[in-house]
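Chemist: So here's query01.txt (compact mmCIF, C-alpha atoms).
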# COMPACT_ATOMS: atom_id res chain seq x y z
CA MET H 140 -133.61 -31.51 252.56
CA LYS H 141 -135.16 -34.91 252.24
CA ARG H 142 -138.74 -35.08 251.18
CA PRO H 143 -140.92 -37.60 253.01
CA GLY H 144 -143.50 -37.88 250.21
CA PRO H 145 -142.04 -40.81 248.27
CA LEU H 146 -141.31 -42.73 251.46
CA LEU H 147 -144.85 -42.19 252.67
CA THR H 148 -146.13 -43.44 249.33
CA LEU H 149 -144.07 -46.60 249.64
CA LEU H 150 -145.13 -47.06 253.23
CA ALA H 151 -148.79 -46.57 252.38
CA GLY H 152 -148.51 -49.16 249.63
CA LEU H 153 -146.80 -51.60 251.96
CA LEU H 154 -149.40 -51.18 254.68
CA PHE H 155 -152.22 -51.42 252.18
CA GLY H 156 -150.74 -54.62 250.74
CA LEU H 157 -150.30 -56.14 254.18
CA PHE H 158 -153.86 -55.19 255.08
CA ILE H 159 -155.27 -56.96 252.03
CA LEU H 160 -153.03 -59.93 252.64
CA THR H 161 -154.37 -60.20 256.16
CA LEU H 162 -157.92 -60.06 254.84
CA ASN H 163 -157.05 -62.82 252.38
CA VAL H 164 -155.48 -65.01 255.00
CA THR H 165 -158.26 -64.63 257.52
CA THR H 166 -161.16 -65.04 255.13
CA GLY H 167 -159.40 -67.10 252.49
CA THR H 168 -160.19 -70.59 253.73
CA LYS H 169 -163.87 -69.81 254.05
CA THR H 170 -164.38 -68.39 250.61
CA VAL H 171 -162.27 -71.05 248.95
CA SER H 172 -163.78 -74.14 250.41
CA SER H 173 -167.46 -73.73 249.66
CA PRO H 174 -167.30 -73.05 245.92
CA TYR H 175 -164.96 -75.96 245.36
CA LYS H 176 -167.45 -78.28 246.95
CA ALA H 177 -170.23 -77.03 244.77
CA GLU H 178 -168.27 -77.56 241.60
CA SER H 179 -166.67 -80.89 242.27
CA PRO H 180 -168.61 -84.05 241.59
CA ALA H 181 -170.73 -84.87 244.59
CA VAL H 182 -168.82 -86.99 247.00
CA SER H 183 -171.29 -86.93 249.81
CA ALA H 184 -173.83 -89.10 248.04
CA SER H 185 -172.35 -92.48 248.83
CA PRO H 186 -171.13 -93.23 252.31
CA THR H 187 -168.36 -95.67 251.59
CA PRO H 188 -169.39 -99.11 252.70
CA ALA H 189 -167.39 -101.52 254.77
CA THR H 190 -164.55 -99.45 256.10
CA THR H 191 -163.81 -102.47 258.22
CA SER H 192 -163.38 -104.93 255.38
CA PRO H 193 -160.03 -106.61 255.72
CA SER H 194 -160.63 -108.30 252.41
CA ALA H 195 -159.44 -105.31 250.46
CA ARG H 196 -156.21 -106.17 248.75
CA PRO H 197 -153.50 -105.89 251.31
CA SER H 198 -150.81 -104.94 248.83
CA ALA H 199 -151.64 -101.27 248.79
CA SER H 200 -153.03 -100.69 252.23
CA PRO H 201 -150.01 -101.12 254.46
CA SER H 202 -148.91 -97.62 255.21
CA PRO H 203 -145.52 -97.36 256.85
CA SER H 204 -145.91 -96.23 260.45
CA GLY H 205 -149.48 -95.21 259.75
CA THR H 206 -148.63 -91.86 258.27
CA VAL H 207 -151.57 -89.93 256.93
CA ALA H 208 -150.98 -88.24 253.62
CA ALA H 209 -150.90 -84.46 253.73
CA GLU H 210 -153.92 -82.75 252.27
CA GLY H 211 -153.55 -81.38 248.81
CA VAL H 212 -153.23 -82.73 245.34
CA TYR H 213 -150.92 -85.47 244.11
CA THR H 214 -150.17 -85.88 240.43
CA GLY H 215 -148.05 -88.15 238.33
CA ARG H 216 -147.98 -90.88 235.76
CA THR H 217 -148.50 -94.61 236.01
CA ASP H 218 -145.39 -96.76 236.24
CA ASP H 219 -145.92 -97.90 232.65
CA ASP H 220 -146.11 -94.22 231.61
CA SER H 221 -149.37 -94.83 229.78
CA SER H 222 -151.66 -92.65 231.85
CA ALA H 223 -151.80 -89.83 234.31
CA VAL H 224 -153.18 -90.12 237.83
CA ALA H 225 -154.13 -87.39 240.23
CA VAL H 226 -155.54 -87.63 243.72
CA SER H 227 -156.89 -84.75 245.73
CA LEU H 228 -157.23 -85.09 249.50
CA ARG H 229 -159.16 -82.87 251.82
CA GLY H 230 -160.96 -83.26 255.09
CA GLY H 231 -160.66 -87.04 255.14
CA ARG H 232 -162.12 -87.38 251.66
CA ALA H 233 -160.39 -88.17 248.43
CA ILE H 234 -161.20 -87.77 244.80
CA ALA H 235 -159.08 -89.16 242.02
CA TYR H 236 -158.94 -88.85 238.27
CA PHE H 237 -157.26 -91.38 236.05
CA CYS H 238 -156.78 -90.50 232.39
CA ASP H 239 -154.75 -91.85 229.49
CA GLY H 240 -155.46 -88.85 227.27
CA HIS H 241 -157.18 -90.95 224.61
CA ASN H 242 -160.09 -93.08 225.70
CA ILE H 243 -159.56 -94.43 229.20
CA GLU H 244 -160.60 -92.26 232.08
CA SER H 245 -162.20 -92.65 235.46
CA TRP H 246 -163.38 -90.44 238.27
CA LEU H 247 -163.05 -92.13 241.65
CA LYS H 248 -163.94 -91.08 245.12
CA GLY H 249 -163.83 -92.32 248.68
CA GLU H 250 -162.52 -91.61 252.12
CA VAL H 251 -159.14 -91.58 253.74
CA LYS H 252 -158.88 -94.35 256.30
CA ASP H 253 -157.43 -93.92 259.74
CA ASP H 254 -154.19 -95.54 258.69
CA GLY H 255 -153.85 -93.02 255.86
CA SER H 256 -154.65 -95.40 253.04
CA LEU H 257 -157.22 -94.74 250.35
CA SER H 258 -159.66 -97.04 248.68
CA LEU H 259 -161.60 -95.22 245.99
CA THR H 260 -164.28 -96.45 243.65
CA GLY H 261 -165.67 -95.15 240.40
CA ALA H 262 -168.13 -96.03 237.68
CA HIS H 263 -167.96 -99.39 235.91
CA GLY H 264 -166.23 -101.06 238.84
CA ALA H 265 -163.16 -98.86 238.74
CA LYS H 266 -160.98 -99.15 241.83
CA LEU H 267 -158.01 -97.25 243.06
CA THR H 268 -156.08 -97.89 246.23
CA ALA H 269 -153.17 -95.91 247.53
CA ALA H 270 -151.15 -95.28 250.63
CA PRO H 271 -148.74 -92.53 251.59
CA LYS H 272 -145.10 -93.18 250.90
CA GLY H 273 -143.17 -90.66 252.92
CA SER H 274 -144.82 -87.32 253.38
CA LYS H 275 -144.95 -86.18 249.78
CA GLN H 276 -145.89 -89.24 247.75
CA LEU H 277 -148.74 -91.65 247.27
CA ARG H 278 -148.12 -95.14 246.01
CA GLY H 279 -150.92 -97.36 244.80
CA THR H 280 -152.72 -99.31 242.15
CA ALA H 281 -155.65 -98.72 239.85
CA ASP H 282 -157.91 -101.32 238.24
CA LEU H 283 -160.10 -99.85 235.57
CA GLY H 284 -160.90 -100.11 231.90
CA GLY H 285 -159.71 -103.70 231.92
CA GLY H 286 -156.19 -102.77 232.96
CA HIS H 287 -154.11 -102.96 236.11
CA TYR H 288 -151.83 -100.04 236.78
CA THR H 289 -149.36 -99.16 239.50
CA PHE H 290 -148.25 -95.64 240.23
CA THR H 291 -146.28 -93.41 242.52
CA ILE H 292 -147.42 -89.82 242.42
CA ASP H 293 -145.97 -86.72 244.01
CA LYS H 294 -147.52 -83.90 245.95
CA ALA H 295 -147.96 -81.02 243.57
CA LYS H 296 -148.68 -77.34 243.74
CA LYS H 297 -151.16 -75.30 241.83
CA PRO H 298 -151.77 -75.02 238.99
CA SER H 299 -151.04 -78.73 238.93
CA GLY H 300 -154.11 -80.71 239.79
CA ILE H 301 -157.42 -82.04 238.58
CA TYR H 302 -159.80 -79.96 236.49
CA ARG H 303 -163.27 -80.76 235.30
CA ALA H 304 -165.73 -79.09 232.95
CA ASN H 305 -169.37 -79.85 232.29
CA SER H 306 -171.24 -78.25 229.48
CA GLN H 307 -173.71 -78.57 226.68
CA VAL H 308 -172.40 -77.78 223.22
CA ALA H 309 -174.68 -78.01 220.20
CA GLY H 310 -176.98 -80.40 222.02
CA ALA H 311 -174.19 -82.75 223.05
CA LYS H 312 -173.30 -83.25 226.69
CA ILE H 313 -169.65 -82.43 227.12
CA VAL H 314 -167.63 -83.60 230.10
CA GLY H 315 -163.98 -82.77 230.22
CA GLY H 316 -161.36 -83.94 232.69
CA TRP H 317 -157.77 -82.79 232.89
CA ILE H 318 -154.72 -83.56 234.94
CA VAL H 319 -152.20 -80.75 234.89
CA LEU H 320 -148.80 -82.16 235.76
CA PRO H 321 -145.91 -80.24 237.29
CA GLY H 322 -144.14 -78.45 234.49
CA GLY H 323 -147.42 -77.63 232.83
CA ARG H 324 -147.97 -80.79 230.82
CA GLN H 325 -151.59 -81.84 230.60
CA VAL H 326 -153.48 -85.05 230.05
CA GLY H 327 -157.16 -84.77 229.38
CA ILE H 328 -160.19 -86.34 227.85
CA VAL H 329 -163.34 -84.75 226.54
CA THR H 330 -166.41 -86.94 226.38
CA ARG H 331 -169.14 -85.93 223.94
CA ASP H 332 -172.34 -87.77 224.76
CA GLY H 333 -170.28 -90.59 226.22
CA ALA H 334 -167.70 -90.78 223.43
CA PRO H 335 -164.23 -90.00 224.73
CA SER H 336 -161.45 -88.32 222.81
CA ALA H 337 -158.28 -86.38 223.54
CA ALA H 338 -158.99 -83.01 225.08
CA PRO H 339 -157.66 -79.63 224.01
CA THR H 340 -155.40 -77.97 226.53
CA ILE H 341 -156.75 -75.68 229.19
CA ASP H 342 -155.22 -72.54 230.51
CA PRO H 343 -154.35 -73.74 234.02
CA ARG H 344 -154.73 -70.30 235.50
CA THR H 345 -158.26 -69.72 234.32
CA GLY H 346 -159.42 -73.17 233.28
CA VAL H 347 -160.47 -71.86 229.91
CA THR H 348 -160.42 -74.11 226.89
CA THR H 349 -162.17 -74.35 223.55
CA VAL H 350 -164.13 -77.46 222.60
CA ASP H 351 -165.71 -77.63 219.16
CA GLY H 352 -165.41 -73.88 218.85
CA HIS H 353 -167.11 -73.23 222.17
CA ARG H 354 -165.35 -71.81 225.16
CA LEU H 355 -165.56 -73.94 228.28
CA THR H 356 -164.29 -73.36 231.74
CA ALA H 357 -162.75 -76.18 233.71
CA HIS H 358 -162.71 -75.87 237.47
CA PRO H 359 -160.26 -77.36 239.91
CA VAL H 360 -161.67 -80.40 241.62
CA THR H 361 -161.32 -81.08 245.31
CA PRO H 362 -163.30 -83.46 247.49
CA MET C 599 -150.53 -37.77 254.37
CA SER C 600 -149.02 -34.31 254.25
CA VAL C 601 -146.91 -33.19 251.38
CA ASP C 602 -145.22 -29.89 251.18
CA PRO C 603 -145.94 -28.69 247.67
CA ASN C 604 -143.14 -26.16 247.62
CA ALA C 605 -140.47 -28.54 248.69
CA ALA C 606 -141.43 -31.09 246.09
CA THR C 607 -141.31 -28.88 243.06
CA GLN C 608 -137.95 -27.56 244.03
CA SER C 609 -135.87 -30.42 242.82
CA PHE C 610 -138.26 -32.07 240.44
CA PRO C 611 -136.79 -30.69 237.20
CA PRO C 612 -133.25 -31.80 236.55
CA ARG C 613 -130.71 -29.86 238.45
CA PRO C 614 -127.36 -28.72 237.22
CA PRO C 615 -124.72 -31.43 237.51
CA ALA C 616 -123.36 -32.10 240.94
CA HIS C 617 -120.37 -30.13 242.02
CA ARG C 618 -118.78 -32.97 243.86
CA ALA C 619 -118.40 -36.64 243.21
CA PRO C 620 -121.65 -38.14 244.47
CA SER C 621 -121.54 -40.66 247.23
CA PRO C 622 -122.27 -44.09 245.82
CA ALA C 623 -124.77 -44.75 248.60
CA ARG C 624 -127.29 -42.60 246.81
CA TYR C 625 -127.47 -45.13 244.01
CA LEU C 626 -126.54 -48.17 245.97
CA VAL C 627 -129.31 -47.93 248.52
CA PRO C 628 -132.16 -47.61 246.01
CA ALA C 629 -130.62 -50.34 243.85
CA LEU C 630 -130.25 -52.71 246.79
CA VAL C 631 -133.74 -51.99 248.06
CA ALA C 632 -135.11 -52.54 244.55
CA ALA C 633 -133.32 -55.86 244.27
CA ALA C 634 -134.52 -56.92 247.71
CA VAL C 635 -138.12 -56.02 246.92
CA ALA C 636 -138.14 -57.77 243.55
CA VAL C 637 -136.39 -60.90 244.78
CA GLY C 638 -138.45 -60.94 247.97
CA LEU C 639 -141.72 -60.84 246.08
CA GLY C 640 -140.53 -63.52 243.68
CA VAL C 641 -139.39 -65.81 246.47
CA TYR C 642 -142.65 -65.35 248.32
CA GLY C 643 -144.62 -66.09 245.16
CA LYS C 644 -142.53 -69.15 244.49
CA THR C 645 -142.46 -70.69 247.95
CA HIS C 646 -145.91 -69.75 249.22
CA GLU C 647 -148.44 -72.38 248.28
CA PRO C 648 -150.86 -70.53 245.99
CA ALA C 649 -154.18 -70.27 247.75
CA GLY C 650 -156.08 -70.34 244.48
CA THR C 651 -158.68 -67.82 245.51
CA ALA C 652 -158.66 -66.94 241.84
CA PHE C 653 -161.16 -69.73 241.37
CA ASN C 654 -163.59 -68.03 243.62
CA LEU C 655 -167.30 -68.45 243.98
CA ALA C 656 -169.34 -67.89 240.83
CA GLY C 657 -166.13 -68.26 238.89
CA PHE C 658 -162.67 -66.81 238.85
CA SER C 659 -163.84 -64.53 236.09
CA SER C 660 -165.12 -62.00 238.56
CA THR C 661 -161.81 -61.96 240.40
CA GLY C 662 -159.98 -61.81 237.12
CA ALA C 663 -162.22 -59.03 235.92
CA VAL C 664 -161.76 -57.02 239.09
CA LYS C 665 -158.03 -57.35 238.77
CA SER C 666 -158.09 -56.47 235.11
CA TRP C 667 -160.08 -53.32 235.74
CA LEU C 668 -157.86 -52.30 238.64
CA ALA C 669 -154.81 -52.92 236.49
CA SER C 670 -156.35 -50.91 233.69
CA THR C 671 -157.01 -48.08 236.13
CA ALA C 672 -153.38 -48.21 237.19
CA PHE C 673 -152.33 -48.17 233.56
CA PHE C 674 -154.57 -45.18 232.87
CA PHE C 675 -152.93 -43.24 235.68
CA ALA C 676 -149.57 -44.39 234.38
CA LEU C 677 -150.39 -42.72 231.08
CA ILE C 678 -151.13 -39.54 233.04
CA GLN C 679 -147.75 -40.09 234.66
CA LEU C 680 -146.07 -40.13 231.28
CA VAL C 681 -147.77 -36.95 230.08
CA SER C 682 -147.35 -35.07 233.34
CA ALA C 683 -143.68 -36.04 233.48
CA PHE C 684 -143.16 -34.39 230.12
CA MET C 685 -144.95 -31.33 231.50
CA VAL C 686 -142.81 -31.23 234.60
CA TYR C 687 -139.71 -31.34 232.46
CA GLY C 688 -141.11 -28.65 230.19
CA ARG C 689 -141.26 -30.83 227.11
CA LEU C 690 -145.00 -30.35 226.91
CA PRO C 691 -147.01 -27.28 227.81
CA GLY C 692 -148.66 -27.95 231.13
CA PRO C 693 -150.38 -26.22 234.00
CA ARG C 694 -148.55 -25.08 237.09
CA TRP C 695 -149.93 -27.98 239.03
CA SER C 696 -148.47 -30.60 236.71
CA ALA C 697 -145.95 -31.67 239.35
CA LYS C 698 -148.78 -32.22 241.77
CA LEU C 699 -150.66 -34.11 239.07
CA HIS C 700 -147.60 -36.27 238.52
CA ARG C 701 -147.22 -37.09 242.19
CA TRP C 702 -150.84 -37.88 242.86
CA SER C 703 -151.52 -39.83 239.69
CA GLY C 704 -148.46 -41.88 240.55
CA ARG C 705 -149.67 -42.54 244.07
CA ILE C 706 -153.09 -43.59 242.83
CA ALA C 707 -151.60 -45.85 240.18
CA PHE C 708 -149.34 -47.49 242.74
CA LEU C 709 -152.03 -47.93 245.38
CA VAL C 710 -154.43 -49.37 242.81
CA ALA C 711 -151.80 -51.82 241.64
CA VAL C 712 -151.07 -53.08 245.16
CA PRO C 713 -154.23 -55.18 245.68
CA VAL C 714 -153.75 -56.69 242.23
CA ALA C 715 -150.22 -57.70 243.13
CA VAL C 716 -151.30 -59.08 246.49
CA HIS C 717 -153.93 -61.21 244.82
CA CYS C 718 -151.48 -62.40 242.18
CA LEU C 719 -148.86 -63.38 244.73
CA TYR C 720 -151.23 -64.80 247.31
CA ALA C 721 -153.63 -66.68 245.06
CA LEU C 722 -151.55 -67.55 242.01
CA GLY C 723 -147.91 -67.24 242.96
CA TYR C 724 -144.86 -67.00 240.79
CA GLN C 725 -145.53 -69.24 237.80
CA THR C 726 -143.69 -70.08 234.62
CA TYR C 727 -145.98 -72.48 232.80
CA SER C 728 -146.30 -70.32 229.71
CA THR C 729 -144.34 -67.50 228.14
CA ARG C 730 -146.97 -64.92 228.96
CA VAL C 731 -147.21 -66.05 232.56
CA MET C 732 -143.45 -66.25 232.93
CA TRP C 733 -142.94 -62.69 231.74
CA HIS C 734 -145.82 -61.46 233.83
CA SER C 735 -144.34 -63.05 236.96
CA VAL C 736 -140.85 -61.72 236.31
CA LEU C 737 -141.97 -58.23 235.38
CA GLY C 738 -144.49 -58.05 238.20
CA CYS C 739 -141.76 -58.60 240.76
CA PHE C 740 -139.40 -56.30 238.88
CA PHE C 741 -141.99 -53.52 238.77
CA PHE C 742 -142.29 -53.13 242.51
CA GLY C 743 -138.52 -53.18 242.84
CA ALA C 744 -138.12 -50.52 240.17
CA PHE C 745 -140.90 -48.46 241.71
CA SER C 746 -139.23 -48.59 245.12
CA ALA C 747 -135.99 -47.46 243.52
CA LYS C 748 -137.77 -44.58 241.84
CA MET C 749 -139.33 -43.48 245.12
CA LEU C 750 -136.02 -43.64 246.96
CA LEU C 751 -134.16 -41.83 244.19
CA LEU C 752 -136.66 -38.99 244.43
CA ARG C 753 -135.32 -38.31 247.88
CA SER C 754 -131.81 -37.74 246.64
CA GLU C 755 -130.83 -34.44 245.22
CA ARG C 756 -128.27 -33.66 242.57
CA LEU C 757 -128.80 -36.80 240.61
CA PRO C 758 -127.66 -36.94 237.01
CA GLY C 759 -130.42 -35.35 234.98
CA TRP C 760 -131.17 -38.45 232.95
CA LEU C 761 -131.56 -40.81 235.88
CA LEU C 762 -135.08 -40.04 237.09
CA PRO C 763 -136.58 -39.96 233.60
CA PHE C 764 -134.81 -43.21 232.84
CA VAL C 765 -136.05 -45.01 235.95
CA GLY C 766 -139.49 -43.48 235.55
CA GLY C 767 -139.61 -44.60 231.95
CA LEU C 768 -138.51 -48.06 233.01
CA VAL C 769 -141.29 -48.26 235.59
CA PHE C 770 -143.82 -47.11 233.01
CA SER C 771 -142.62 -49.57 230.36
CA VAL C 772 -142.68 -52.48 232.76
CA LEU C 773 -146.17 -51.61 233.94
CA THR C 774 -147.27 -51.49 230.32
CA LEU C 775 -145.85 -54.95 229.69
CA ILE C 776 -147.50 -56.26 232.85
CA TRP C 777 -150.81 -54.85 231.72
CA LEU C 778 -150.41 -56.34 228.24
CA THR C 779 -149.64 -59.78 229.64
CA SER C 780 -152.57 -59.78 232.06
CA ALA C 781 -155.47 -57.39 231.68
CA LEU C 782 -155.31 -57.12 227.90
CA TRP C 783 -154.99 -60.88 227.65
CA PHE C 784 -157.94 -61.25 230.01
CA PHE C 785 -160.13 -58.87 228.02
CA ARG C 786 -159.20 -60.59 224.77
CA THR C 787 -159.88 -64.03 226.23
CA PHE C 788 -163.08 -63.31 228.11
CA GLY C 789 -164.29 -60.16 226.44
CA VAL C 790 -164.50 -56.83 228.16
CA THR C 791 -166.62 -57.97 231.08
CA THR C 792 -167.04 -56.78 234.59
For the file at hand, write its structure as structure tokens.

Modeler:
Amino acid sequence: MKRPGPLLTLLAGLLFGLFILTLNVTTGTKTVSSPYKAESPAVSASPTPATTSPSARPSASPSPSGTVAAEGVYTGRTDDDSSAVAVSLRGGRAIAYFCDGHNIESWLKGEVKDDGSLSLTGAHGAKLTAAPKGSKQLRGTADLGGGHYTFTIDKAKKPSGIYRANSQVAGAKIVGGWIVLPGGRQVGIVTRDGAPSAAPTIDPRTGVTTVDGHRLTAHPVTP
Amino acid sequence: MSVDPNAATQSFPPRPPAHRAPSPARYLVPALVAAAVAVGLGVYGKTHEPAGTAFNLAGFSSTGAVKSWLASTAFFFALIQLVSAFMVYGRLPGPRWSAKLHRWSGRIAFLVAVPVAVHCLYALGYQTYSTRVMWHSVLGCFFFGAFSAKMLLLRSERLPGWLLPFVGGLVFSVLTLIWLTSALWFFRTFGVTT
């Protein structure tokens, strides 16, 4: 005689799992989007001026057949392999982080134009322009820290992406930024009261890292 | 769900060896189902874009803590599994209801582990960026395959006496490793928080 007990157990587990999955799928987008906004640097503050300006350098703006880049995060290195670049797109907004892992870094933000190109700005006159190349790449340039960089970056999956941590350790203001590249490699900078230096690695799953003996948590950044 | 207590205890202790050559389907079906479950979960975790709900609201730590406590609950019931299995097989003195204890502690452990697995697969996916994470991903998928095999093997009678204890022990060991690579790591990293 065959006992139904074990089968019922398996079935119950399967149904229970599917039930939770359905809950996740139906409520997931709502719960995910709001906290990200709260933790990422405020993008809403500056409505980008002059979306009509044709004076922006034309080299980066032409997007083949006007494709709009898919939402998500793009990561990669500059063509000269000196720095890492990551761009996160969502809801027509973009945020980018540029980091050489030593002393050059920049947070940039802006909007995605109708033709799919990006023109982002950051502190100290930093500029980054990019346009989709195919459906899974962004190609562009960055002018910041006195340098001119070109890059082609690829769409990436979590835990690849941009992470940021803000904290106060022993009276010093700590700001950390990380780009986690596919394959798990990381490039990051920690700034203590405005002085940048190479960052310790974070655990990409939890965002946990230790700076000067204090545990910090870096959060994924999306626009 | 209804379980007939008499029927279950009947074949729980090892039976005398089979009189006839067993049909290979009895092993093949559980093995194939186990492989399908494990590979299926892994493929889903690998191809599905992780939703990242781990980084939820006031911090992932609450989600991580919930999962860690659920996993620890599952592990606790798994320890009961181990003890009650020895009782069922008469290696430890146990009450008459030890078989029932074994069945129900197993069900609870499994059902408690399911939401943890769903969260892992849905929010984090199959990852290999560190040794701990790699083993956790592999073993997590393997566990549900092995558990399915164990459940299906229970339905067969006249199995070799060592088979169920072996598969059961495998399921228990894998769950232990999964717990060590996740909940224990979480508690050591973040402290025992809720």

Chemist: Select, from H:Gly264, H:Gly255, H:Pro362, H:Pro321, the residue with the minimum atom-to-atom distance to chain C, counting all atoms listed in the file.

Modeler: H:Pro321

Chemist: Counting only C-alpha atoms, collect the residues of chain H whose closest atom lies at most 7 Å from chain C, and write them out as a PDB file with C-alpha atoms, keeping the file's coordinate frame.

Modeler:
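Generated file (iface31.pdb):
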ATOM      1  CA  LYS H 141    -135.160 -34.910 252.240  1.00  0.00           C
ATOM      2  CA  ARG H 142    -138.740 -35.080 251.180  1.00  0.00           C
ATOM      3  CA  GLY H 144    -143.500 -37.880 250.210  1.00  0.00           C
ATOM      4  CA  PRO H 145    -142.040 -40.810 248.270  1.00  0.00           C
ATOM      5  CA  LEU H 146    -141.310 -42.730 251.460  1.00  0.00           C
ATOM      6  CA  THR H 148    -146.130 -43.440 249.330  1.00  0.00           C
ATOM      7  CA  LEU H 149    -144.070 -46.600 249.640  1.00  0.00           C
ATOM      8  CA  GLY H 152    -148.510 -49.160 249.630  1.00  0.00           C
ATOM      9  CA  GLY H 156    -150.740 -54.620 250.740  1.00  0.00           C
ATOM     10  CA  ILE H 159    -155.270 -56.960 252.030  1.00  0.00           C
ATOM     11  CA  LEU H 160    -153.030 -59.930 252.640  1.00  0.00           C
ATOM     12  CA  VAL H 171    -162.270 -71.050 248.950  1.00  0.00           C
ATOM     13  CA  PRO H 174    -167.300 -73.050 245.920  1.00  0.00           C
ATOM     14  CA  LYS H 296    -148.680 -77.340 243.740  1.00  0.00           C
ATOM     15  CA  LYS H 297    -151.160 -75.300 241.830  1.00  0.00           C
ATOM     16  CA  GLY H 322    -144.140 -78.450 234.490  1.00  0.00           C
ATOM     17  CA  GLY H 323    -147.420 -77.630 232.830  1.00  0.00           C
ATOM     18  CA  THR H 345    -158.260 -69.720 234.320  1.00  0.00           C
TER      19      THR H 345
END

Chemist: Rounded to one decimal place, report the atom CA of C:Leu639-atom CA of C:Thr661 distance in Å.

Modeler: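 So the answer is 20.9 Å.
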
Chemist: Separation of atom CA of H:Ile313 and atom CA of H:Ile234, in Å?

Modeler: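 Separating atom CA of H:Ile313 from atom CA of H:Ile234 is a distance of 20.3 Å.
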
Chemist: In the coordinate frame of the file, compute which residues have an atom within 10 Å of (-167.2, -89.9, 228.8) when using only C-alpha atoms, and state them as a ChimeraX atom specification.

Modeler: /H:242-245,312-316,328-336

Chemist: Within 7 Å of stretch 629-636 of chain C, counting only C-alpha atoms, which residues qualify if same-chain residues fewer than 3 places away don't, as a ChimeraX atom specification?

Modeler: /C:625-626,639-640,739-740,742-744,746-747

Chemist: Would you compute, for all listed atoms of stretch 696-700 of chain C, the axis-aligned bounding box grown by 3 Å on each side, and then report its centre and edge lengths in Å rounded to one decimal, as lines of an AutoDock Vina configuration file?

Modeler:
center_x = -148.3
center_y = -33.4
center_z = 239.2
size_x = 10.7
size_y = 11.7
size_z = 11.1

Chemist: What does the structure give for the distance between atom CA of C:Ser735 and atom CA of H:Phe158, in Å to one decimal?

Modeler: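 Pair atom CA of C:Ser735 / atom CA of H:Phe158 returns 21.9 Å.
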
Chemist: Might you pull out every residue within 9 Å of H:Val251, with all atoms listed in the file counted and same-chain residues fewer than 4 positions away left off, and present them as a list of chain:residue names?

Modeler: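 That gives H:Val207, H:Ala208, H:Leu228, H:Arg229, H:Gly230, H:Gly231, H:Arg232, H:Ala233, H:Gly255, H:Ser256, H:Leu257, H:Ser258, H:Leu259.
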
Chemist: Could you name the residues that touch H:Ala281 at 6 Å or less, counting all atoms listed in the file, but leaving out those on the same chain fewer than 4 positions away, as an NGL selection string?

Modeler: :H and (266-267 or 287-288)
